[in-house]
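What follows is a set of notes on a single structure, which appears directly below.
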Amino acid sequence: MTSIAYPATGLTSPRKRRFTREDRLPVAIGLYVSLFLAIALPLGLMFLWSIADGWPPPHVLPQSYTTARWAGVLGDDGLLRAALNSILIAIVVTFATAVIALPTAWAMARFPFRLKRAVEIFILAPIIIPGIVVAVGIGQVFLALGLAYSVAGVILVQIVGTLPLMIRLMTAALETIPDDLIHAARSLGANTLGIVRHIVLPLAVPGLLAGGLMSFVGSFEEFDKSFIVGAPVVETLPIKLYMYLDPYSMQLPLASIVSFLLLLPALIVFVIAGRVLRDDLMAAGMGKI
Amino acid sequence: MSMLEITDITKDYGASRALHPVSLCVEQGEFVTILGPSGCGKSSLLRIVMGISEQSGGEIRLAGKRIDMLPPERRDIAMVFQSYALFPHMTVEQNLRFGLRMKNVPKAEQQTRIAHALDICTLSGLTSRMPRQLSGGQQQRVALARAIVMQPNLLLFDEPLSNLDAKLRDTLRHELVALHRRIGATSVYVTHDQAEAMAMSDRIVVMNAGRVIEIGTPLELYRSPKQAFTAGFLGQTNLLAVTASGRRAQLPWGQTVDLATEAIGPARISVRPESIGIHPDDPRTRDTGLSAPATVTGVSFMGASALYTVSIGDTLLKVSHAGGDALIEPGRTVALTFPSRLPVLEDRGEDRGREDGGHAAEAA
């Protein structure tokens, strides 16, 4: 073991030992095997289910295959419209969430104030309370305000769900900006706007991106709140897809197709983000969840 | 008219007072150090001058203009922070350019000023590095360069060298002094390091417990301090209670010494360890030395000198002796000689600075 090579000075604890060249292979194998078991295997099985034409228990693989279900779902004109709806809504929700979250996060990160704990719990409340409860409550209000069954209503109700995480992530990102940096910027002649533009926003980028990705995906996949507030007038992709599920027949094949379609945008967004962003930025942001 | 005039600045936190009325004038081109132990209010004062902390009372004028109501960005002051506070997402050059952009300095002038700052801070070649790619000393120089490109009316330093290791600190201290000579910017420098303060400053402001104790040139404060706190904080000293009559005073063990100023009755004096002569007690010095018998009780060899603890009467004295072939062993009897014109302290021993007087050997 390489740990023996380090003198026991008390400075290098065994847990801090670095990986050496010889460790590469086992580590890589371990990581790839976990990746396969956690992601590739379930996805593979899902795909098999989606094209299986019956898959009775003793068989390891389906006996016959069909593409009829895929064709049926993809052939639906409403699907594309619902997908576009979802993308539009997700984009608006993401930006609105960021704009609303920034000042709140700034206050949470920078200023000591009374009842901070209480405010924190209040911010996280939408995560704790089931979406359907929120939706039913808000649905009432929206009906009175005329926001029910409108895209604006769906956007608003989704923001309720995406805000907590965005605020948490941004707060964590902003907390790491030292006070002296702000003071230095001011001493160099930057006013509040200049500080926000040139110092705070650039340094909050990891938090913003992480929060933005989470909001986008969260909005795109959101079902229960959108369903109660928007359906059947506003159709988002999840609402459309959940409607394919038929409780009186075998669920798994259609559910697999629905899962695939819902997974796709999240996957695309993360792959793009992974390409565009530096790894350390991404990790820094996501590490704060 | 002074460049910087601080008049009766106070700072209260609730009911407790962190800064008692502080007044201070700094002349054009002067390098003034505020020296004091941690928690004495020196950094608070600096932050109030910069404007990132608000005073509870008093006023500040810079170049004749009242600035204490202005936000920091309109004060024409630049500051070098203890943590350097470099913008981590900007290159060295962008860091330097930031302030110039904020102040809408024309492009061409930005270029010349940056080039000049890079040059005098010996940073050329590092312009496209990110702060995290720089060593501590380089970061410190970038922070300095970023402040001087602003060509401010006043430069503030908040313990800028305290995060560096001893050797680098020494080098940068010299560079900083040289730099100050070249650009001649009016500077206020905060530190708790008395060696730094003495080496760099035109004048030192000694602070303790939220008050200014004494202001003077390093030489004045070291040679003839007026307060026991100053004497104890700037270097090492022996504080002795004496009975004075005119220019003469009697030490606790009966020996008489010369005073720099006249005093009557009980007084306190400060005697530097290196100003006391120590002589191995042999018959030839017994008559010339004015000393009663003293005994060496401890010795520590410091390299350039040796520091002895000497017991005389009921008093323990610190005596430093440079050179000499051999150390005087503990237990030896020695004769002590005192210099003439010893400074008389103004406070009589009930001063508030005493608890922090650190190095002072109290002789009550």
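Residue names in the structure tokens use chain letters A, B, ... in the order shown, residue numbers from 1 in each chain, and ligand numbers from 1 in the order shown.
Using only C-alpha atoms, the part of chain A that sits within 8 Å of chain B is made up of Pro178, Asp180, Leu181, His183, Ala184, Ala185, Arg186, Ser187, Leu188, Gly189, Ala190, Asn191, Gly194, Ile199, Pro202 and Leu203 of chain A.
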Shell around Met198 of chain B at 9 Å using only C-alpha atoms, local window under 5 positions removed, as an MDAnalysis selection string: chainID B and resid 33 193 203:204 217:219 222 234
Export of the given selection (N, CA and C atoms) as a PDB file, in the first residue's frame:
```
ATOM      1  N   THR B  33       1.586  55.103  10.454  1.00  0.00           N
ATOM      2  CA  THR B  33       1.170  53.767  10.868  1.00  0.00           C
ATOM      3  C   THR B  33       0.335  53.850  12.132  1.00  0.00           C
ATOM      4  N   ASP B 193       2.355  44.924  14.344  1.00  0.00           N
ATOM      5  CA  ASP B 193       3.758  44.524  14.385  1.00  0.00           C
ATOM      6  C   ASP B 193       4.625  45.764  14.591  1.00  0.00           C
ATOM      7  N   ARG B 203       5.463  58.604  10.886  1.00  0.00           N
ATOM      8  CA  ARG B 203       4.951  58.757  12.244  1.00  0.00           C
ATOM      9  C   ARG B 203       4.160  57.527  12.630  1.00  0.00           C
ATOM     10  N   ILE B 204       4.128  57.254  13.922  1.00  0.00           N
ATOM     11  CA  ILE B 204       3.358  56.125  14.429  1.00  0.00           C
ATOM     12  C   ILE B 204       2.280  56.660  15.362  1.00  0.00           C
ATOM     13  N   THR B 217       7.232  60.292  15.894  1.00  0.00           N
ATOM     14  CA  THR B 217       8.085  59.581  14.953  1.00  0.00           C
ATOM     15  C   THR B 217       8.586  58.316  15.650  1.00  0.00           C
ATOM     16  N   PRO B 218       8.997  57.309  14.868  1.00  0.00           N
ATOM     17  CA  PRO B 218       9.485  56.077  15.501  1.00  0.00           C
ATOM     18  C   PRO B 218      10.588  56.368  16.518  1.00  0.00           C
ATOM     19  N   LEU B 219      11.480  57.291  16.169  1.00  0.00           N
ATOM     20  CA  LEU B 219      12.597  57.594  17.056  1.00  0.00           C
ATOM     21  C   LEU B 219      12.114  58.192  18.375  1.00  0.00           C
ATOM     22  N   TYR B 222      10.316  55.594  20.479  1.00  0.00           N
ATOM     23  CA  TYR B 222      11.187  54.558  21.040  1.00  0.00           C
ATOM     24  C   TYR B 222      12.121  55.139  22.093  1.00  0.00           C
ATOM     25  N   LEU B 234       6.397  49.254  21.954  1.00  0.00           N
ATOM     26  CA  LEU B 234       7.469  49.426  20.969  1.00  0.00           C
ATOM     27  C   LEU B 234       8.748  48.864  21.556  1.00  0.00           C
TER      28      LEU B 234
END
```
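In terms of minimum interatomic distance to Ser215 of chain A, A:Pro164 ranks closest within A:Gly146, A:Pro164, A:Pro130, A:Gly137, counting only C-alpha atoms.
Minimum atom-to-atom distance to Val234 of chain A, evaluated using only C-alpha atoms, belongs to A:Arg81 out of A:Arg18, A:Arg69, A:His59, A:Arg81.
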